>>> print(open('work.cif').read())   # mmCIF, C-alpha atoms, pLDDT in the B column; chains and numbers go by the auth columns
data_model
loop_
_atom_site.group_PDB
_atom_site.id
_atom_site.type_symbol
_atom_site.label_atom_id
_atom_site.label_comp_id
_atom_site.label_asym_id
_atom_site.label_seq_id
_atom_site.Cartn_x
_atom_site.Cartn_y
_atom_site.Cartn_z
_atom_site.B_iso_or_equiv
_atom_site.auth_seq_id
_atom_site.auth_asym_id
ATOM 1 C CA MET A 1 -1.403 -6.047 22.492 51.00 1 M
ATOM 2 C CA ALA A 2 -3.799 -3.184 21.842 48.00 2 M
ATOM 3 C CA GLU A 3 -7.431 -3.249 22.887 47.00 3 M
ATOM 4 C CA ARG A 4 -9.742 -4.238 20.040 51.00 4 M
ATOM 5 C CA THR A 5 -11.966 -1.425 18.837 53.00 5 M
ATOM 6 C CA ALA A 6 -14.521 -1.153 16.061 63.00 6 M
ATOM 7 C CA GLY A 7 -15.451 1.909 14.061 84.00 7 M
ATOM 8 C CA ARG A 8 -15.442 3.376 10.600 95.00 8 M
ATOM 9 C CA THR A 9 -12.667 2.123 8.393 98.00 9 M
ATOM 10 C CA ALA A 10 -10.906 3.562 5.362 98.00 10 M
ATOM 11 C CA ALA A 11 -8.397 2.670 2.683 98.00 11 M
ATOM 12 C CA ILE A 12 -5.839 5.027 1.183 98.00 12 M
ATOM 13 C CA VAL A 13 -4.906 3.841 -2.305 98.00 13 M
ATOM 14 C CA LEU A 14 -1.712 5.340 -3.682 97.00 14 M
ATOM 15 C CA ALA A 15 -1.467 6.077 -7.402 93.00 15 M
ATOM 16 C CA ALA A 16 0.940 8.996 -7.528 84.00 16 M
ATOM 17 C CA GLY A 17 4.100 7.239 -8.725 69.00 17 M
ATOM 18 C CA GLN A 18 5.783 8.087 -12.011 63.00 18 M
ATOM 19 C CA GLY A 19 6.594 4.476 -12.908 56.00 19 M
ATOM 20 C CA LYS A 20 9.887 5.286 -14.624 57.00 20 M
ATOM 21 C CA ARG A 21 10.996 1.644 -14.590 55.00 21 M
ATOM 22 C CA MET A 22 7.947 0.724 -16.673 54.00 22 M
ATOM 23 C CA LYS A 23 9.511 2.535 -19.671 53.00 23 M
ATOM 24 C CA SER A 24 6.134 3.789 -20.874 53.00 24 M
ATOM 25 C CA SER A 25 4.719 7.207 -21.730 55.00 25 M
ATOM 26 C CA VAL A 26 1.616 6.203 -19.744 61.00 26 M
ATOM 27 C CA GLN A 27 1.898 6.207 -15.953 76.00 27 M
ATOM 28 C CA LYS A 28 1.830 2.600 -14.784 76.00 28 M
ATOM 29 C CA GLN A 29 -1.273 3.025 -12.625 86.00 29 M
ATOM 30 C CA PHE A 30 -3.247 3.890 -15.766 90.00 30 M
ATOM 31 C CA MET A 31 -1.761 1.255 -18.072 91.00 31 M
ATOM 32 C CA GLU A 32 -4.212 -1.406 -19.185 92.00 32 M
ATOM 33 C CA LEU A 33 -4.013 -4.770 -17.460 92.00 33 M
ATOM 34 C CA ALA A 34 -6.412 -7.384 -18.849 91.00 34 M
ATOM 35 C CA GLY A 35 -8.560 -4.652 -20.355 92.00 35 M
ATOM 36 C CA LYS A 36 -8.768 -2.253 -17.405 94.00 36 M
ATOM 37 C CA PRO A 37 -6.519 0.467 -15.984 95.00 37 M
ATOM 38 C CA LEU A 38 -4.185 -1.086 -13.411 95.00 38 M
ATOM 39 C CA ILE A 39 -5.467 1.081 -10.560 96.00 39 M
ATOM 40 C CA VAL A 40 -9.026 -0.194 -11.003 97.00 40 M
ATOM 41 C CA TYR A 41 -8.275 -3.630 -9.554 97.00 41 M
ATOM 42 C CA ALA A 42 -7.192 -2.463 -6.101 97.00 42 M
ATOM 43 C CA LEU A 43 -10.050 0.020 -5.922 98.00 43 M
ATOM 44 C CA GLN A 44 -12.510 -2.724 -6.862 98.00 44 M
ATOM 45 C CA ARG A 45 -11.266 -4.965 -4.067 98.00 45 M
ATOM 46 C CA PHE A 46 -11.795 -2.251 -1.480 98.00 46 M
ATOM 47 C CA GLU A 47 -15.155 -1.285 -3.026 98.00 47 M
ATOM 48 C CA GLU A 48 -16.349 -4.874 -2.479 98.00 48 M
ATOM 49 C CA SER A 49 -14.899 -5.172 1.033 98.00 49 M
ATOM 50 C CA GLU A 50 -16.155 -4.080 4.444 97.00 50 M
ATOM 51 C CA ILE A 51 -14.054 -0.912 4.222 98.00 51 M
ATOM 52 C CA ASP A 52 -16.336 2.114 4.604 98.00 52 M
ATOM 53 C CA GLU A 53 -14.553 4.646 2.418 98.00 53 M
ATOM 54 C CA ILE A 54 -11.592 5.112 0.106 98.00 54 M
ATOM 55 C CA ILE A 55 -9.238 8.006 -0.540 98.00 55 M
ATOM 56 C CA LEU A 56 -7.404 7.840 -3.874 98.00 56 M
ATOM 57 C CA VAL A 57 -4.100 9.706 -3.946 97.00 57 M
ATOM 58 C CA THR A 58 -2.645 10.547 -7.342 96.00 58 M
ATOM 59 C CA GLY A 59 -0.402 13.101 -9.016 93.00 59 M
ATOM 60 C CA GLU A 60 -1.697 16.658 -9.062 93.00 60 M
ATOM 61 C CA GLU A 61 -1.955 16.545 -12.856 93.00 61 M
ATOM 62 C CA SER A 62 -4.075 13.355 -12.698 93.00 62 M
ATOM 63 C CA VAL A 63 -6.725 14.331 -10.140 95.00 63 M
ATOM 64 C CA SER A 64 -9.382 15.296 -12.714 95.00 64 M
ATOM 65 C CA TYR A 65 -8.581 12.269 -14.866 94.00 65 M
ATOM 66 C CA CYS A 66 -9.001 9.910 -11.894 96.00 66 M
ATOM 67 C CA ARG A 67 -12.304 11.453 -10.901 96.00 67 M
ATOM 68 C CA GLU A 68 -13.773 11.209 -14.393 96.00 68 M
ATOM 69 C CA LYS A 69 -12.107 8.188 -16.007 95.00 69 M
ATOM 70 C CA ILE A 70 -11.606 6.000 -12.957 96.00 70 M
ATOM 71 C CA VAL A 71 -14.016 6.827 -10.125 97.00 71 M
ATOM 72 C CA GLU A 72 -17.020 7.914 -12.209 97.00 72 M
ATOM 73 C CA ALA A 73 -16.410 5.595 -15.159 97.00 73 M
ATOM 74 C CA PHE A 74 -16.186 2.495 -12.946 97.00 74 M
ATOM 75 C CA HIS A 75 -18.884 3.652 -10.498 97.00 75 M
ATOM 76 C CA PHE A 76 -16.822 3.518 -7.318 98.00 76 M
ATOM 77 C CA GLN A 77 -19.221 4.603 -4.599 98.00 77 M
ATOM 78 C CA LYS A 78 -16.789 4.317 -1.695 98.00 78 M
ATOM 79 C CA VAL A 79 -14.164 6.668 -3.146 98.00 79 M
ATOM 80 C CA LYS A 80 -14.963 9.802 -1.163 97.00 80 M
ATOM 81 C CA ASP A 81 -12.111 11.963 -2.424 97.00 81 M
ATOM 82 C CA VAL A 82 -9.283 12.090 -4.945 97.00 82 M
ATOM 83 C CA VAL A 83 -6.361 14.128 -3.629 97.00 83 M
ATOM 84 C CA ALA A 84 -2.972 15.188 -4.954 96.00 84 M
ATOM 85 C CA GLY A 85 0.057 13.412 -3.545 94.00 85 M
ATOM 86 C CA GLY A 86 3.645 14.585 -3.339 92.00 86 M
ATOM 87 C CA LYS A 87 7.185 13.920 -4.433 90.00 87 M
ATOM 88 C CA GLU A 88 7.819 10.946 -2.144 93.00 88 M
ATOM 89 C CA ARG A 89 5.533 8.143 -1.060 94.00 89 M
ATOM 90 C CA TYR A 90 5.312 9.464 2.483 95.00 90 M
ATOM 91 C CA HIS A 91 4.091 12.829 1.161 96.00 91 M
ATOM 92 C CA SER A 92 1.256 11.037 -0.627 96.00 92 M
ATOM 93 C CA VAL A 93 0.327 8.959 2.418 97.00 93 M
ATOM 94 C CA TYR A 94 0.211 12.083 4.574 98.00 94 M
ATOM 95 C CA ALA A 95 -2.077 13.761 2.029 97.00 95 M
ATOM 96 C CA GLY A 96 -4.416 10.786 2.257 98.00 96 M
ATOM 97 C CA LEU A 97 -4.354 10.765 6.054 98.00 97 M
ATOM 98 C CA LYS A 98 -5.168 14.478 6.177 98.00 98 M
ATOM 99 C CA ALA A 99 -8.092 13.916 3.811 98.00 99 M
ATOM 100 C CA LEU A 100 -9.539 11.483 6.378 98.00 100 M
ATOM 101 C CA ASP A 101 -9.184 13.887 9.303 96.00 101 M
ATOM 102 C CA GLY A 102 -12.512 14.554 10.988 94.00 102 M
ATOM 103 C CA ARG A 103 -14.322 11.654 9.308 95.00 103 M
ATOM 104 C CA GLY A 104 -14.477 9.477 12.425 96.00 104 M
ATOM 105 C CA ILE A 105 -12.100 6.836 11.104 98.00 105 M
ATOM 106 C CA SER A 106 -10.824 4.282 13.615 98.00 106 M
ATOM 107 C CA HIS A 107 -8.578 2.191 11.325 98.00 107 M
ATOM 108 C CA VAL A 108 -6.975 2.731 7.945 98.00 108 M
ATOM 109 C CA LEU A 109 -5.406 0.454 5.346 98.00 109 M
ATOM 110 C CA ILE A 110 -2.706 1.986 3.124 98.00 110 M
ATOM 111 C CA HIS A 111 -2.230 0.196 -0.185 98.00 111 M
ATOM 112 C CA ASP A 112 -0.076 0.589 -3.284 96.00 112 M
ATOM 113 C CA GLY A 113 -2.387 0.971 -6.264 96.00 113 M
ATOM 114 C CA ALA A 114 0.240 -0.881 -8.305 95.00 114 M
ATOM 115 C CA ARG A 115 -0.637 -4.106 -6.461 96.00 115 M
ATOM 116 C CA PRO A 116 -3.664 -5.239 -8.485 96.00 116 M
ATOM 117 C CA LEU A 117 -3.816 -8.786 -7.117 97.00 117 M
ATOM 118 C CA LEU A 118 -4.937 -7.821 -3.640 97.00 118 M
ATOM 119 C CA THR A 119 -7.289 -10.459 -2.213 97.00 119 M
ATOM 120 C CA PRO A 120 -10.350 -10.146 0.035 97.00 120 M
ATOM 121 C CA GLN A 121 -8.568 -12.375 2.552 98.00 121 M
ATOM 122 C CA ILE A 122 -5.613 -9.995 2.856 98.00 122 M
ATOM 123 C CA ILE A 123 -7.986 -7.078 3.412 98.00 123 M
ATOM 124 C CA ARG A 124 -9.843 -8.967 6.125 98.00 124 M
ATOM 125 C CA ASP A 125 -6.675 -10.186 7.809 98.00 125 M
ATOM 126 C CA THR A 126 -4.883 -6.828 7.864 98.00 126 M
ATOM 127 C CA LEU A 127 -7.984 -5.021 9.093 98.00 127 M
ATOM 128 C CA GLU A 128 -8.343 -7.602 11.857 97.00 128 M
ATOM 129 C CA GLY A 129 -4.645 -7.202 12.618 98.00 129 M
ATOM 130 C CA ALA A 130 -4.991 -3.428 12.917 98.00 130 M
ATOM 131 C CA ARG A 131 -7.921 -3.816 15.288 97.00 131 M
ATOM 132 C CA THR A 132 -5.992 -6.282 17.420 97.00 132 M
ATOM 133 C CA TYR A 133 -2.424 -4.915 17.364 98.00 133 M
ATOM 134 C CA SER A 134 -2.879 -1.254 16.243 98.00 134 M
ATOM 135 C CA ALA A 135 -0.210 -1.704 13.537 98.00 135 M
ATOM 136 C CA CYS A 136 0.352 -4.510 11.055 98.00 136 M
ATOM 137 C CA VAL A 137 1.599 -5.183 7.528 98.00 137 M
ATOM 138 C CA ALA A 138 0.952 -7.869 4.943 98.00 138 M
ATOM 139 C CA ALA A 139 4.154 -9.825 4.357 98.00 139 M
ATOM 140 C CA VAL A 140 5.461 -13.122 2.994 98.00 140 M
ATOM 141 C CA PRO A 141 8.479 -15.175 4.106 97.00 141 M
ATOM 142 C CA ALA A 142 11.562 -14.624 1.941 96.00 142 M
ATOM 143 C CA LYS A 143 12.129 -17.528 -0.442 95.00 143 M
ATOM 144 C CA ASP A 144 15.697 -16.692 -1.414 94.00 144 M
ATOM 145 C CA THR A 145 18.884 -16.548 0.584 95.00 145 M
ATOM 146 C CA ILE A 146 19.630 -12.904 1.417 95.00 146 M
ATOM 147 C CA LYS A 147 23.199 -11.644 1.785 96.00 147 M
ATOM 148 C CA LEU A 148 24.290 -8.336 3.264 96.00 148 M
ATOM 149 C CA ALA A 149 26.804 -6.601 0.995 96.00 149 M
ATOM 150 C CA ASP A 150 29.747 -4.479 2.087 95.00 150 M
ATOM 151 C CA ASP A 151 30.778 -1.193 0.457 96.00 151 M
ATOM 152 C CA HIS A 152 32.653 -3.070 -2.275 96.00 152 M
ATOM 153 C CA LEU A 153 29.798 -5.448 -3.171 96.00 153 M
ATOM 154 C CA PHE A 154 31.326 -8.445 -1.445 97.00 154 M
ATOM 155 C CA ALA A 155 28.994 -10.586 0.650 96.00 155 M
ATOM 156 C CA ALA A 156 29.592 -9.509 4.243 96.00 156 M
ATOM 157 C CA ARG A 157 27.282 -12.075 5.811 96.00 157 M
ATOM 158 C CA THR A 158 24.256 -14.238 5.146 96.00 158 M
ATOM 159 C CA LEU A 159 21.087 -13.217 6.935 94.00 159 M
ATOM 160 C CA PRO A 160 18.922 -15.892 8.607 94.00 160 M
ATOM 161 C CA ARG A 161 16.254 -16.596 6.002 92.00 161 M
ATOM 162 C CA GLU A 162 13.794 -18.060 8.489 91.00 162 M
ATOM 163 C CA ARG A 163 13.425 -14.606 10.061 94.00 163 M
ATOM 164 C CA LEU A 164 13.233 -12.558 6.856 96.00 164 M
ATOM 165 C CA TRP A 165 9.915 -11.357 5.473 97.00 165 M
ATOM 166 C CA GLN A 166 9.152 -9.382 2.313 97.00 166 M
ATOM 167 C CA ILE A 167 6.810 -6.523 3.125 97.00 167 M
ATOM 168 C CA GLN A 168 3.724 -5.906 1.004 98.00 168 M
ATOM 169 C CA THR A 169 0.659 -3.733 1.325 98.00 169 M
ATOM 170 C CA PRO A 170 -1.881 -3.123 2.735 98.00 170 M
ATOM 171 C CA GLN A 171 -0.226 -1.763 5.822 98.00 171 M
ATOM 172 C CA ALA A 172 -2.947 -1.258 8.416 98.00 172 M
ATOM 173 C CA PHE A 173 -3.099 0.910 11.507 98.00 173 M
ATOM 174 C CA SER A 174 -5.162 2.573 14.132 98.00 174 M
ATOM 175 C CA TYR A 175 -5.930 5.865 12.401 98.00 175 M
ATOM 176 C CA PRO A 176 -5.041 8.082 15.390 98.00 176 M
ATOM 177 C CA LEU A 177 -1.731 6.220 15.763 98.00 177 M
ATOM 178 C CA ILE A 178 -0.599 6.530 12.142 98.00 178 M
ATOM 179 C CA PHE A 179 -1.845 10.109 11.747 98.00 179 M
ATOM 180 C CA ASP A 180 0.001 11.246 14.861 98.00 180 M
ATOM 181 C CA ALA A 181 3.156 9.404 13.731 98.00 181 M
ATOM 182 C CA TYR A 182 3.032 11.161 10.357 98.00 182 M
ATOM 183 C CA ARG A 183 2.518 14.556 11.969 97.00 183 M
ATOM 184 C CA ARG A 184 5.658 13.924 13.987 97.00 184 M
ATOM 185 C CA LEU A 185 7.473 12.804 10.844 97.00 185 M
ATOM 186 C CA PHE A 186 6.690 16.127 9.185 96.00 186 M
ATOM 187 C CA SER A 187 7.649 18.181 12.227 95.00 187 M
ATOM 188 C CA ALA A 188 11.314 18.044 11.173 94.00 188 M
ATOM 189 C CA GLU A 189 12.856 17.293 7.774 92.00 189 M
ATOM 190 C CA GLU A 190 15.587 15.178 9.337 94.00 190 M
ATOM 191 C CA TYR A 191 12.984 12.620 10.457 95.00 191 M
ATOM 192 C CA GLN A 192 12.066 11.920 6.823 94.00 192 M
ATOM 193 C CA ARG A 193 15.451 10.616 5.730 92.00 193 M
ATOM 194 C CA GLY A 194 15.463 6.954 4.771 92.00 194 M
ATOM 195 C CA ILE A 195 11.739 6.399 5.285 93.00 195 M
ATOM 196 C CA THR A 196 10.601 3.545 3.033 92.00 196 M
ATOM 197 C CA ASP A 197 7.169 2.535 4.321 95.00 197 M
ATOM 198 C CA ASP A 198 4.414 3.363 6.783 97.00 198 M
ATOM 199 C CA ALA A 199 5.454 0.690 9.257 97.00 199 M
ATOM 200 C CA MET A 200 8.812 2.413 9.576 97.00 200 M
ATOM 201 C CA VAL A 201 7.047 5.704 10.385 97.00 201 M
ATOM 202 C CA VAL A 202 5.108 4.061 13.221 98.00 202 M
ATOM 203 C CA GLU A 203 8.193 2.223 14.482 97.00 203 M
ATOM 204 C CA THR A 204 10.406 5.312 14.553 96.00 204 M
ATOM 205 C CA MET A 205 7.948 8.097 15.361 97.00 205 M
ATOM 206 C CA ALA A 206 5.634 6.260 17.774 97.00 206 M
ATOM 207 C CA GLY A 207 7.812 3.395 19.004 96.00 207 M
ATOM 208 C CA THR A 208 5.000 0.964 18.232 97.00 208 M
ATOM 209 C CA PRO A 209 5.829 -2.618 17.175 97.00 209 M
ATOM 210 C CA VAL A 210 4.316 -3.749 13.876 98.00 210 M
ATOM 211 C CA ARG A 211 2.761 -7.195 13.507 98.00 211 M
ATOM 212 C CA LEU A 212 3.482 -9.256 10.368 98.00 212 M
ATOM 213 C CA ILE A 213 0.320 -10.655 8.771 98.00 213 M
ATOM 214 C CA PRO A 214 0.668 -13.403 6.124 97.00 214 M
ATOM 215 C CA GLY A 215 0.071 -11.931 2.681 97.00 215 M
ATOM 216 C CA ASP A 216 0.185 -13.684 -0.686 97.00 216 M
ATOM 217 C CA TYR A 217 3.063 -14.279 -3.101 97.00 217 M
ATOM 218 C CA ARG A 218 0.731 -13.231 -5.934 97.00 218 M
ATOM 219 C CA ASN A 219 0.215 -9.817 -4.335 97.00 219 M
ATOM 220 C CA ILE A 220 3.040 -8.386 -6.434 96.00 220 M
ATOM 221 C CA LYS A 221 3.832 -4.732 -7.035 95.00 221 M
ATOM 222 C CA VAL A 222 3.800 -3.982 -10.749 94.00 222 M
ATOM 223 C CA THR A 223 7.004 -2.046 -11.369 91.00 223 M
ATOM 224 C CA THR A 224 8.509 -3.303 -14.645 90.00 224 M
ATOM 225 C CA PRO A 225 7.075 -4.604 -17.964 90.00 225 M
ATOM 226 C CA GLU A 226 7.844 -8.139 -16.784 93.00 226 M
ATOM 227 C CA ASP A 227 5.564 -7.598 -13.790 94.00 227 M
ATOM 228 C CA MET A 228 2.656 -6.817 -16.122 93.00 228 M
ATOM 229 C CA ILE A 229 3.155 -10.178 -17.837 94.00 229 M
ATOM 230 C CA LEU A 230 3.293 -11.944 -14.474 95.00 230 M
ATOM 231 C CA ALA A 231 0.179 -10.171 -13.168 95.00 231 M
ATOM 232 C CA GLU A 232 -1.798 -11.142 -16.279 94.00 232 M
ATOM 233 C CA ALA A 233 -0.653 -14.741 -15.881 95.00 233 M
ATOM 234 C CA PHE A 234 -1.839 -14.798 -12.266 94.00 234 M
ATOM 235 C CA MET A 235 -5.209 -13.363 -13.338 92.00 235 M
ATOM 236 C CA ARG A 236 -5.660 -15.985 -16.032 90.00 236 M
ATOM 237 C CA ALA A 237 -4.762 -18.746 -13.597 91.00 237 M
ATOM 238 C CA ALA A 238 -7.287 -17.431 -11.064 86.00 238 M
ATOM 239 C CA LYS A 239 -10.065 -17.514 -13.674 83.00 239 M
ATOM 240 C CA GLU A 240 -9.232 -21.086 -14.613 77.00 240 M
ATOM 241 C CA THR A 241 -9.492 -22.402 -11.057 68.00 241 M
#
>>> encode(input="work.cif", output="structure tokens")
Amino acid sequence: MAERTAGRTAAIVLAAGQGKRMKSSVQKQFMELAGKPLIVYALQRFEESEIDEIILVTGEESVSYCREKIVEAFHFQKVKDVVAGGKERYHSVYAGLKALDGRGISHVLIHDGARPLLTPQIIRDTLEGARTYSACVAAVPAKDTIKLADDHLFAARTLPRERLWQIQTPQAFSYPLIFDAYRRLFSAEEYQRGITDDAMVVETMAGTPVRLIPGDYRNIKVTTPEDMILAEAFMRAAKET
């Protein structure tokens, strides 16, 4: 277990995806959800949290739009920079990490901007987890039975459900740890093959175990039109309680 340390904290919010599965001419992070652009909800959660500053990572063609129509229009004071991401998610994360270099950050939360139902509790818990363990991710236990398929799409075996967790974001880390792991990742192209999330970068490049922190089943990633309907339903239910 890592030694607990305090210091300045940051969030990297990713909004550089193309959202092809959304089947819309508008990038999903800018589509309206309950009257606001989707990306606004995650930014608002971090704005209202104890996080000290936010880096918003978007597509190169959307940097000016995000500064004017998102950051300025919604008065986000903690968004210190809007930077261009890259082709793959890990390119965008690295861009955000580099933007934080030299700012005295001790811990960083990395969050998909397409998860609008982030809760204050998840932010607190993952930040606490990063301070305690150096690396952690929000996750929920798998509800369904998961089978491993063979090359011919026959079920090869059934995985033990009680040990399976679905990974969410934020993924939270000691900033020096994650930044160094990403620098190693980009030291050779072969290291980048098959990388799917930040936890995997820390596991493979730094050999650091990643703690699972209970997330929330409502903390969904909006990927398809059906997800928009589900997210709106969750929002309505939250207002009614």
>>> resolve_selection(input="work.cif", expression="the PyMOL selection byres ((chain M and resi 68-72) around 12)", output="ChimeraX atom specification")
/M:15,29-30,36-44,47,54-56,58,62-67,73-82
>>> resolve_selection(input="work.cif", expression="the PyMOL selection byres ((chain M and resi 202) around 12)", output="PyMOL selection string")
chain M and resi 134-137+171-185+191+195-201+203-211
>>> atom_distance(input="work.cif", atom1="atom CA of M:Thr224", atom2="atom CA of M:Ser49")
28.2 Å
>>> closest_residue(input="work.cif", among="M:Tyr90, M:Ala84, M:Gln27, M:Thr119", to="M:Arg193", atoms="all atoms listed in the file")
M:Tyr90
>>> atom_distance(input="work.cif", atom1="atom CA of M:Val93", atom2="atom CA of M:Val13")
8.7 Å
>>> closest_residue(input="work.cif", among="M:Ile167, M:Phe186, M:Pro120, M:Lys147", to="M:His91", atoms="all atoms listed in the file")
M:Phe186
>>> closest_residue(input="work.cif", among="M:Leu148, M:Val83, M:Ala114, M:Ala155", to="M:Glu32", atoms="only C-alpha atoms")
M:Ala114
>>> closest_residue(input="work.cif", among="M:Pro225, M:Pro214, M:Gly7, M:Gly35", to="M:Ala139", atoms="all atoms listed in the file")
M:Pro214
>>> atom_distance(input="work.cif", atom1="atom CA of M:Glu128", atom2="atom CA of M:Pro141")
20.0 Å
>>> resolve_selection(input="work.cif", expression="the PyMOL selection byres ((chain M and resi 12) around 9)", output="JSON, numbers by chain")
{"M": [10, 11, 13, 14, 53, 54, 55, 56, 57, 93, 96, 97, 108, 109, 110, 111, 112]}
>>> closest_residue(input="work.cif", among="M:Ala130, M:Leu100, M:Ala156, M:Leu118", to="M:Phe234", atoms="all atoms listed in the file")
M:Leu118
>>> residues_around(input="work.cif", residues="M:Asp227", least_positions_apart="2", cutoff="12 Å", atoms="all atoms listed in the file", output="PyMOL selection string")
chain M and resi 21-22+28+33+38+114-117+218-225+229-234
>>> closest_residue(input="work.cif", among="M:Gln168, M:Thr158, M:Thr145, M:Gln192", to="M:Arg89", atoms="all atoms listed in the file")
M:Gln192
